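Below: one structure, written as structure tokens.
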Amino acid sequence: MRVVEEDLLPSTPGKVKVERPGTMSRHLHRCFASTGTMFLWALFLVAMTATYLSVHSFVDTSSRYFTASWGGLHWERQIRSSASPRRPPGSAEGAGLSVLVTGAAGFVGTHCALALRRRGDGVVGIDNFNSYYDPSLKKARRALLGSHGVFVVEGDVNDGRLLAKLFDVVPFTHVLHLAAQAGVRYAMENPASYVHSNVAGLVSLLEACKDADPQPAVVWASSSSVYGLNDRVPFSEAHRTDRPASLYAATKKAGEEITHTYNHIYGLSVTGLRFFTVYGPWGRPDMAYFSFTRNILQGKPITVYRGRDHVDLARDFTYIDDIVRGCLASLDTAGRSTGTGGKKRGPAPYRIFNLGNTSPVTVPTLVAILERYLRVKAKKNVIEMPGNGDVPYTHANISLAREQLGYKPTTSLEMGLKKFVRWYLSYYGYNRGTHTFRNS
Ligand SMILES: NC(=O)c1ccc[n+]([C@@H]2O[C@H](COP(=O)([O-])OP(=O)(O)OC[C@H]3O[C@@H](n4cnc5c(N)ncnc54)[C@H](O)[C@@H]3O)[C@@H](O)[C@H]2O)c1
Ligand SMILES: *[C@@H]1O[C@H](CO)[C@@H](O)[C@H](O)[C@H]1NC(C)=O
């Protein structure tokens, strides 16, 4: 399945190298060149024909299989059922939304999809289940969504045919676009994956949205990282965002400009949300609070970065439930898109909001809280932060979101980490085998 998808999509973020079918014919060719008799010529031609036929039939079956993985009447029925709002008729909150959530098997996507479903909105998810971090966690999130009646399609947002089909089957009122290549440091290892998902994937999604009739309103995740080298605090939406410190940040900034053009030309209603370090249950294993927890429990050392002049790094950690409320409020207040048939009929809203917690906490404080809940002392390696794209400090000014979305974060890092640790231990177990063994 993985091989098939990677062969059919333009460029891929995967860490796995795929052996292409052409390798075999190259071997045959080399083998032939060293001999040179008529007999081998004939043999070679037979072999080439065989190779051609087998490659041809491989491509043929695989594309049929690929289509089969998302088409068909049964599939369409599942999509429609998942997309149907289930609010009681005449409910005070109105008829209910029908939302396409991209990156639905991701951390924020899963929580948002669940929250929408719980209040009676229709939700369909899409996710490519890439292996940037352990896909089994993504599959477990999908299983959780499935148990609540949310269907998640396995597919890439770069697959325009799939997106067109989804809009064909369901007139989505909203798109919550959270699919992206996240992570600041991984951009130096695999820059192409950021272009694939955050630039090409975003454009592919916006194309599908502007072609859809009716056009949905789009709410999507930008990032606090767009503030880059900005050192005015707290960060306000009006501050400079033209000095990104990482490729990740640059692709998010590009996304803000790209969504602006789709708003301007096609009348798409756009809301960009600059999330500030989101954490919580079902979180992302590549983030510090998560890997610190794992390493502390396993008795392994953790690396704590420190800024220049021995200044501690600090982050405006924002608890997932607060972010979810901000996302839902954005969907609820998003004005309509105004376009049809590739033309706008009038101006549509374009909004950008910070979603943070407005109380930065230093990394050593984060570690101390984890140590307390885990009842294990961390082995800390404190080193100076390498110049790899991380910024020393983030702090959100959230007055705009408070005013326009009624956004009001309520979870302190202490409370939020308590809930995270409880989830971590129930999901992974204490996982202290190596630790206890080594000490006994
Ligand atoms: N978690 C944070 O602290 C944070 C901070 C700022 C911004 N964001 C943004 O919020 C969004 C959600 O982040 P998250 O923490 O849930 O990350 P995540 O990695 O858990 O979720 C993203 C999901 O998108 C999927 N995906 C990636 N590329 C795809 C593609 N081309 N097609 C289909 N699916 C694809 C991944 O498989 C993953 O499940 C992202 O856009 C991220 O950049 C997150
Ligand atoms: C926060 O942003 C608002 C504008 O959205 C601004 O009026 C206010 O002064 C800012 N607050 C701080 C403390 O910078």
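FYI, nothing fancy with the structure tokens labels: chains A, B, ... in order, residues from 1 per chain, ligands from 1 as they appear.
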### Message
So that I can see what lies close to Leu178 (chain A), please list as a list in words the residues with an atom at most 8 Å from it, counting only C-alpha atoms and leaving out residues fewer than 3 positions away in the same chain.
### Response
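The residues that qualify are Val101, Thr102, Gly103, Ala104, Val108, Gly109, Trp220 and Ala221 of chain A.
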Could you list, as a PyMOL selection string, all protein and nucleic acid residues with an atom at most 6 Å from ligand 2, counting only C-alpha atoms and all ligand atoms? chain A and resi 234+236+397+399-400
Please provide as number ranges by chain all residues within 12 Å of region 376-386 of chain A, with the sequence filter that same-chain residues fewer than 3 positions apart are discarded (counting only C-alpha atoms). A: 185, 291-313, 363-364, 366-373, 389-392, 430, 432, 435-436
Which residues are near Arg336 (chain A)? Cut-off 9 Å, only C-alpha atoms, ignore same chain within fewer than 3 positions. Put them as an mmCIF file with N, CA and C atoms, in the first residue's frame.
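Result file is result.cif:
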```cif
data_model
loop_
_atom_site.group_PDB
_atom_site.id
_atom_site.type_symbol
_atom_site.label_atom_id
_atom_site.label_comp_id
_atom_site.auth_asym_id
_atom_site.auth_seq_id
_atom_site.Cartn_x
_atom_site.Cartn_y
_atom_site.Cartn_z
ATOM 1 N N THR A 173 -19.302 22.453 4.843
ATOM 2 C CA THR A 173 -19.460 23.879 5.133
ATOM 3 C C THR A 173 -18.130 24.495 5.559
ATOM 4 N N GLN A 215 -18.492 26.808 -1.763
ATOM 5 C CA GLN A 215 -17.147 26.862 -1.183
ATOM 6 C C GLN A 215 -17.242 26.814 0.343
ATOM 7 N N PRO A 216 -16.360 26.008 0.963
ATOM 8 C CA PRO A 216 -16.344 25.979 2.431
ATOM 9 C C PRO A 216 -15.575 27.193 2.968
ATOM 10 N N ALA A 217 -15.746 27.462 4.264
ATOM 11 C CA ALA A 217 -14.863 28.418 4.945
ATOM 12 C C ALA A 217 -13.656 27.623 5.438
ATOM 13 N N GLY A 267 -12.388 34.566 -3.185
ATOM 14 C CA GLY A 267 -13.395 34.820 -2.163
ATOM 15 C C GLY A 267 -13.507 33.733 -1.111
ATOM 16 N N LEU A 268 -12.409 33.005 -0.866
ATOM 17 C CA LEU A 268 -12.458 32.004 0.205
ATOM 18 C C LEU A 268 -12.367 32.699 1.562
ATOM 19 N N SER A 269 -13.223 32.303 2.471
ATOM 20 C CA SER A 269 -13.145 32.786 3.850
ATOM 21 C C SER A 269 -11.990 32.054 4.536
ATOM 22 N N ALA A 348 -14.425 38.419 1.090
ATOM 23 C CA ALA A 348 -14.646 37.406 2.132
ATOM 24 C C ALA A 348 -13.669 37.689 3.267
ATOM 25 N N PRO A 349 -14.005 37.242 4.482
ATOM 26 C CA PRO A 349 -13.127 37.534 5.617
ATOM 27 C C PRO A 349 -11.753 36.865 5.499
#
```
Original post:
Leaving out Val99 (chain A) and any residue of its chain fewer than 5 positions from it, which residues lie within 9 Å of it when counting only C-alpha atoms, given as a PyMOL selection string?
Top reply: chain A and resi 83+113+116+121-125+172-176+216
How would you report the residues lying within 7 Å of ligand 1, as a count of residues only, if you count only C-alpha atoms and all ligand atoms?
38
